[in-house]
>>> print(open('upload-v8.cif').read())   # mmCIF, C-alpha atoms
data_final
#
loop_
_atom_site.label_atom_id
_atom_site.label_comp_id
_atom_site.auth_asym_id
_atom_site.auth_seq_id
_atom_site.Cartn_x
_atom_site.Cartn_y
_atom_site.Cartn_z
CA VAL A 1 -17.93 12.35 5.71
CA ARG A 2 -21.42 13.44 6.53
CA LEU A 3 -23.48 16.60 6.15
CA HIS A 4 -22.85 17.51 9.78
CA THR A 5 -19.10 17.57 9.08
CA GLU A 6 -19.61 20.00 6.22
CA LEU A 7 -21.78 22.26 8.38
CA LEU A 8 -19.12 22.28 11.12
CA LEU A 9 -16.36 23.02 8.62
CA ARG A 10 -18.38 25.85 7.12
CA GLN A 11 -18.84 27.38 10.59
CA ILE A 12 -15.18 26.92 11.58
CA ILE A 13 -13.96 28.53 8.36
CA SER A 14 -16.42 31.43 8.59
CA GLU A 15 -15.20 32.19 12.13
CA GLY A 16 -11.53 31.62 11.30
CA LEU A 17 -11.05 29.05 14.05
CA LYS A 18 -8.21 26.54 14.22
CA LEU A 19 -9.03 23.17 12.78
CA THR A 20 -8.21 19.67 14.00
CA LEU A 21 -9.79 16.55 12.56
CA CYS A 22 -10.70 13.62 14.76
CA VAL A 23 -11.33 10.42 12.82
CA ASN A 24 -13.70 8.70 15.22
CA LYS A 25 -15.19 5.22 15.43
CA ILE A 26 -11.96 3.38 14.70
CA ASP A 27 -13.42 0.52 16.73
CA ARG A 28 -16.08 -0.03 14.06
CA LEU A 29 -13.43 -0.64 11.40
CA ILE A 30 -12.01 -3.40 13.59
CA LEU A 31 -15.03 -4.94 15.29
CA GLU A 32 -17.95 -4.45 12.90
CA LEU A 33 -16.42 -4.17 9.45
CA ARG A 34 -13.53 -6.48 10.39
CA LEU A 35 -11.21 -4.67 8.03
CA HIS A 36 -7.62 -5.79 7.67
CA PRO A 37 -5.28 -3.10 9.11
CA ASN A 38 -4.08 -2.18 5.61
CA ASP A 39 -7.67 -1.67 4.43
CA ALA A 40 -8.42 0.37 7.56
CA TYR A 41 -5.46 2.61 6.66
CA TYR A 42 -6.90 3.26 3.20
CA LYS A 43 -10.32 3.97 4.68
CA MET A 44 -8.88 6.50 7.14
CA ARG A 45 -6.70 8.07 4.45
CA HIS A 46 -9.79 8.46 2.27
CA VAL A 47 -11.63 10.25 5.10
CA VAL A 48 -8.74 12.69 5.59
CA GLU A 49 -8.54 13.34 1.83
CA GLU A 50 -12.30 13.87 1.61
CA VAL A 51 -12.25 16.42 4.43
CA ASN A 52 -9.31 18.21 2.79
CA GLU A 53 -11.24 18.45 -0.48
CA MET A 54 -14.20 19.88 1.41
CA ILE A 55 -11.97 22.47 3.10
CA LYS A 56 -10.53 23.54 -0.27
CA ARG A 57 -14.05 23.97 -1.62
CA LEU A 58 -15.24 25.94 1.43
CA ASP A 59 -12.07 28.04 1.77
CA PRO A 60 -11.13 29.26 -1.70
CA ALA A 61 -8.74 31.82 -0.14
CA GLY A 62 -6.60 28.89 1.07
CA ARG A 63 -6.24 30.11 4.67
CA TYR A 64 -6.31 26.58 6.07
CA GLU A 65 -3.42 24.18 5.76
CA THR A 66 -3.99 20.66 4.57
CA LEU A 67 -4.96 18.28 7.35
CA CYS A 68 -2.47 15.48 7.75
CA PRO A 69 -1.83 13.11 10.66
CA SER A 70 1.93 13.59 10.28
CA ARG A 71 1.47 17.32 10.93
CA GLY A 72 -0.32 16.63 14.19
CA ASN A 73 -3.66 18.13 13.16
CA VAL A 74 -5.47 14.78 12.80
CA CYS A 75 -6.19 12.34 15.60
CA PHE A 76 -7.81 8.91 15.66
CA GLY A 77 -10.13 7.55 18.29
CA SER A 78 -13.16 5.78 19.56
CA GLY A 79 -15.69 7.72 21.58
CA GLN A 80 -17.36 4.51 22.64
CA HIS A 81 -14.14 3.05 24.04
CA GLY A 82 -12.79 6.36 25.31
CA TYR A 83 -9.52 6.88 23.50
CA CYS A 84 -8.06 9.38 21.11
CA VAL A 85 -4.47 9.21 19.85
CA THR A 86 -2.22 11.12 17.52
CA LEU A 87 0.84 10.01 15.63
CA GLY A 88 2.83 12.06 18.12
CA ASP A 89 1.55 9.82 20.91
CA PHE A 90 2.80 6.73 19.11
CA ALA A 91 6.09 8.36 18.12
CA GLN A 92 6.68 9.18 21.78
CA LEU A 93 6.00 5.56 22.75
CA TYR A 94 8.48 4.29 20.20
CA ALA A 95 11.17 6.89 20.93
CA ASP A 96 12.81 4.74 23.59
CA VAL A 97 12.66 1.52 21.56
CA TYR A 98 14.08 3.06 18.39
CA HIS A 99 16.49 5.57 19.95
CA ASP A 100 19.30 4.07 17.85
CA LEU A 101 17.74 5.60 14.71
CA GLY A 102 18.95 9.01 15.84
CA MET A 103 15.76 10.88 15.07
CA SER A 104 13.58 13.13 17.15
CA VAL A 105 10.03 12.26 18.13
CA GLU A 106 8.81 14.78 15.55
CA GLU A 107 10.83 13.14 12.77
CA PHE A 108 9.49 9.75 13.80
CA ARG A 109 5.93 11.15 13.78
CA ARG A 110 6.30 12.44 10.23
CA ARG A 111 7.25 8.93 9.09
CA LEU A 112 4.17 7.27 10.54
CA TRP A 113 1.81 8.38 7.76
CA GLY A 114 1.80 8.08 4.00
CA GLU A 115 4.22 6.24 1.79
CA TRP A 116 6.72 5.27 4.48
CA PHE A 117 7.90 1.75 5.17
CA PHE A 118 10.21 0.48 7.90
CA ASP A 119 12.90 -2.03 6.98
CA GLN A 120 13.36 -4.10 10.14
CA SER A 121 16.55 -5.78 8.94
CA GLU A 122 18.31 -2.44 8.31
CA ARG A 123 16.29 -0.51 10.92
CA ARG A 124 15.65 2.29 8.41
CA PHE A 125 12.63 4.13 7.10
CA ARG A 126 12.18 4.03 3.35
CA ARG A 127 9.86 5.91 1.01
CA LYS A 128 9.42 2.88 -1.17
CA GLY A 129 9.28 -0.61 0.05
CA ARG A 130 7.48 -3.84 0.34
CA GLY A 131 5.39 -4.91 3.19
CA LYS A 132 3.46 -2.79 5.60
CA ARG A 133 3.25 0.96 5.76
CA THR A 134 4.57 2.42 8.98
CA PHE A 135 1.06 3.52 10.03
CA VAL A 136 -0.14 -0.05 9.74
CA GLU A 137 2.90 -1.54 11.48
CA PHE A 138 3.36 0.98 14.29
CA VAL A 139 -0.17 2.27 14.90
CA LEU A 140 -2.94 0.04 13.61
CA GLU A 141 -1.50 -3.38 14.39
CA PRO A 142 -0.91 -2.51 18.07
CA ILE A 143 -4.48 -1.17 18.33
CA TYR A 144 -5.82 -4.33 16.68
CA LYS A 145 -3.79 -6.48 19.10
CA LEU A 146 -5.26 -4.63 22.06
CA TYR A 147 -8.78 -5.25 20.79
CA VAL A 148 -8.05 -8.95 20.33
CA GLN A 149 -6.64 -9.22 23.82
CA CYS A 150 -9.44 -7.22 25.41
CA LEU A 151 -12.05 -9.38 23.76
CA GLY A 152 -10.43 -12.74 24.32
CA GLU A 153 -8.07 -12.60 27.29
CA THR A 154 -8.29 -12.15 31.03
CA GLU A 155 -7.88 -8.73 32.60
CA LYS A 156 -4.50 -9.76 34.01
CA ASP A 157 -3.15 -10.56 30.54
CA VAL A 158 -4.43 -7.26 29.15
CA SER A 159 -2.76 -5.36 32.01
CA LYS A 160 0.58 -6.95 31.08
CA THR A 161 0.24 -5.69 27.51
CA LEU A 162 -0.65 -2.17 28.57
#
>>> encode(input="upload-v8.cif", output="structure tokens")
Amino acid sequence: VRLHTELLLRQIISEGLKLTLCVNKIDRLILELRLHPNDAYYKMRHVVEEVNEMIKRLDPAGRYETLCPSRGNVCFGSGQHGYCVTLGDFAQLYADVYHDLGMSVEEFRRRLWGEWFFDQSERRFRRKGRGKRTFVEFVLEPIYKLYVQCLGETEKDVSKTL
């Protein structure tokens, strides 16, 4: 989080505007830093936590709710590659595939961030588990796969995936 972010937050809070965080440059985590999806999750979580701490410091009255991707007030994107997604976008994509879980898109969205794990064998979300967090499994890994295909496959193969 840079100085410019703090200046923007200060201005937003002083004017009482609504606040949405966009975690940008996701592509750099994948292409330049070559982070494993799990490490990318921790990096993004750290950014969200850092911004929340800054908001608490700048807004001692506590008028602003905590930013959290599962609440829909945080999005992830790449300005260079022209995309911006929320957990709601991914929950909507998975709604048809996992309709047997009997949960709404909003419930699915809330389970895509934090300490949630999906047990494939039982097709259940769990708060504790082994393996990948739901954000890694349902959000980051598909994004990583798209980057791999876009960089190494023909346009026809990429179109099939999309």
>>> closest_residue(input="upload-v8.cif", among="A:Glu107, A:Glu115, A:Glu50, A:Glu141", to="A:Gly129", atoms="only C-alpha atoms")
A:Glu115
>>> closest_residue(input="upload-v8.cif", among="A:Glu53, A:Glu15, A:Glu137, A:Asp27", to="A:Gly77", atoms="all atoms listed in the file")
A:Asp27
>>> closest_residue(input="upload-v8.cif", among="A:Leu8, A:Met44, A:Tyr98, A:Val105", to="A:Arg124", atoms="all atoms listed in the file")
A:Tyr98
>>> resolve_selection(input="upload-v8.cif", expression="the PyMOL selection byres ((chain A and resi 88) around 10)", output="PyMOL selection string")
chain A and resi 69-72+75+85-87+89-94+105-110+112
>>> residues_around(input="upload-v8.cif", residues="A:Arg130", least_positions_apart="3", cutoff="12 Å", atoms="all atoms listed in the file", output="PyMOL selection string")
chain A and resi 115-120+125-127+133-134
>>> atom_distance(input="upload-v8.cif", atom1="atom CA of A:Leu67", atom2="atom CA of A:Asn52")
6.3 Å
>>> resolve_selection(input="upload-v8.cif", expression="the PyMOL selection byres ((chain A and resi 28) around 12)", output="MDAnalysis selection string")
chainID A and resid 23:27 29:35 40 43:44 77:81 144 147
>>> atom_distance(input="upload-v8.cif", atom1="atom CA of A:Leu151", atom2="atom CA of A:Ala95")
28.5 Å
>>> resolve_selection(input="upload-v8.cif", expression="the PyMOL selection byres ((chain A and resi 55) around 12)", output="compact mmCIF listing (two decimals) with C-alpha atoms, in the coordinates of the input")
# COMPACT_ATOMS: atom_id res chain seq x y z
CA THR A 5 -19.10 17.57 9.08
CA GLU A 6 -19.61 20.00 6.22
CA LEU A 7 -21.78 22.26 8.38
CA LEU A 8 -19.12 22.28 11.12
CA LEU A 9 -16.36 23.02 8.62
CA ARG A 10 -18.38 25.85 7.12
CA GLN A 11 -18.84 27.38 10.59
CA ILE A 12 -15.18 26.92 11.58
CA ILE A 13 -13.96 28.53 8.36
CA SER A 14 -16.42 31.43 8.59
CA LEU A 19 -9.03 23.17 12.78
CA THR A 20 -8.21 19.67 14.00
CA LEU A 21 -9.79 16.55 12.56
CA VAL A 48 -8.74 12.69 5.59
CA GLU A 49 -8.54 13.34 1.83
CA GLU A 50 -12.30 13.87 1.61
CA VAL A 51 -12.25 16.42 4.43
CA ASN A 52 -9.31 18.21 2.79
CA GLU A 53 -11.24 18.45 -0.48
CA MET A 54 -14.20 19.88 1.41
CA LYS A 56 -10.53 23.54 -0.27
CA ARG A 57 -14.05 23.97 -1.62
CA LEU A 58 -15.24 25.94 1.43
CA ASP A 59 -12.07 28.04 1.77
CA PRO A 60 -11.13 29.26 -1.70
CA ALA A 61 -8.74 31.82 -0.14
CA GLY A 62 -6.60 28.89 1.07
CA ARG A 63 -6.24 30.11 4.67
CA TYR A 64 -6.31 26.58 6.07
CA GLU A 65 -3.42 24.18 5.76
CA THR A 66 -3.99 20.66 4.57
CA LEU A 67 -4.96 18.28 7.35
>>> atom_distance(input="upload-v8.cif", atom1="atom CA of A:Val1", atom2="atom CA of A:Ile143")
22.9 Å
>>> closest_residue(input="upload-v8.cif", among="A:Val97, A:Val136, A:Met103, A:Gly152", to="A:His36", atoms="all atoms listed in the file")
A:Val136
>>> decode(input="upload-v8.cif", residues="stretch 40-68 of chain A", atoms="N, CA and C atoms", output="compact mmCIF listing (two decimals), in the first residue's frame")
# COMPACT_ATOMS: atom_id res chain seq x y z
N ALA A 40 0.04 -16.05 -3.38
CA ALA A 40 -0.66 -14.88 -3.93
C ALA A 40 -1.86 -14.53 -3.05
N TYR A 41 -2.55 -15.56 -2.55
CA TYR A 41 -3.68 -15.33 -1.63
C TYR A 41 -3.20 -14.56 -0.40
N TYR A 42 -2.12 -15.02 0.21
CA TYR A 42 -1.61 -14.36 1.41
C TYR A 42 -1.19 -12.93 1.11
N LYS A 43 -0.61 -12.69 -0.04
CA LYS A 43 -0.19 -11.35 -0.43
C LYS A 43 -1.42 -10.44 -0.57
N MET A 44 -2.45 -10.93 -1.23
CA MET A 44 -3.67 -10.13 -1.40
C MET A 44 -4.38 -9.91 -0.07
N ARG A 45 -4.40 -10.94 0.77
CA ARG A 45 -5.01 -10.79 2.09
C ARG A 45 -4.28 -9.73 2.91
N HIS A 46 -2.96 -9.73 2.79
CA HIS A 46 -2.16 -8.74 3.50
C HIS A 46 -2.50 -7.33 3.04
N VAL A 47 -2.67 -7.14 1.74
CA VAL A 47 -3.02 -5.82 1.19
C VAL A 47 -4.37 -5.36 1.76
N VAL A 48 -5.35 -6.24 1.77
CA VAL A 48 -6.68 -5.89 2.30
C VAL A 48 -6.57 -5.54 3.78
N GLU A 49 -5.83 -6.32 4.54
CA GLU A 49 -5.66 -6.05 5.97
C GLU A 49 -4.95 -4.72 6.21
N GLU A 50 -3.94 -4.43 5.39
CA GLU A 50 -3.20 -3.18 5.53
C GLU A 50 -4.09 -1.97 5.25
N VAL A 51 -4.92 -2.06 4.23
CA VAL A 51 -5.84 -0.97 3.92
C VAL A 51 -6.86 -0.81 5.06
N ASN A 52 -7.35 -1.91 5.61
CA ASN A 52 -8.29 -1.83 6.73
C ASN A 52 -7.67 -1.16 7.94
N GLU A 53 -6.41 -1.46 8.22
CA GLU A 53 -5.72 -0.80 9.33
C GLU A 53 -5.60 0.70 9.09
N MET A 54 -5.32 1.06 7.84
CA MET A 54 -5.21 2.47 7.49
C MET A 54 -6.55 3.18 7.66
N ILE A 55 -7.63 2.52 7.26
CA ILE A 55 -8.97 3.10 7.41
C ILE A 55 -9.29 3.31 8.89
N LYS A 56 -8.97 2.33 9.73
CA LYS A 56 -9.22 2.48 11.17
C LYS A 56 -8.46 3.67 11.74
N ARG A 57 -7.24 3.85 11.27
CA ARG A 57 -6.42 4.96 11.75
C ARG A 57 -6.97 6.30 11.28
N LEU A 58 -7.44 6.35 10.03
CA LEU A 58 -7.94 7.61 9.46
C LEU A 58 -9.38 7.92 9.84
N ASP A 59 -10.13 6.91 10.27
CA ASP A 59 -11.54 7.08 10.63
C ASP A 59 -11.79 6.58 12.04
N PRO A 60 -11.32 7.35 13.04
CA PRO A 60 -11.49 6.89 14.42
C PRO A 60 -12.95 6.77 14.85
N ALA A 61 -13.86 7.46 14.15
CA ALA A 61 -15.29 7.38 14.49
C ALA A 61 -15.87 6.03 14.07
N GLY A 62 -15.18 5.29 13.22
CA GLY A 62 -15.62 3.97 12.81
C GLY A 62 -16.82 3.99 11.87
N ARG A 63 -16.93 5.00 11.02
CA ARG A 63 -18.05 5.09 10.08
C ARG A 63 -17.96 4.09 8.93
N TYR A 64 -16.76 3.62 8.65
CA TYR A 64 -16.56 2.74 7.50
C TYR A 64 -16.44 1.29 7.95
N GLU A 65 -17.18 0.43 7.24
CA GLU A 65 -17.11 -0.99 7.55
C GLU A 65 -15.79 -1.56 7.05
N THR A 66 -15.42 -2.67 7.62
CA THR A 66 -14.20 -3.35 7.21
C THR A 66 -14.34 -3.82 5.77
N LEU A 67 -13.29 -3.61 4.98
CA LEU A 67 -13.29 -4.09 3.61
C LEU A 67 -13.00 -5.58 3.61
N CYS A 68 -13.80 -6.30 2.85
CA CYS A 68 -13.62 -7.75 2.78
C CYS A 68 -14.18 -8.25 1.45
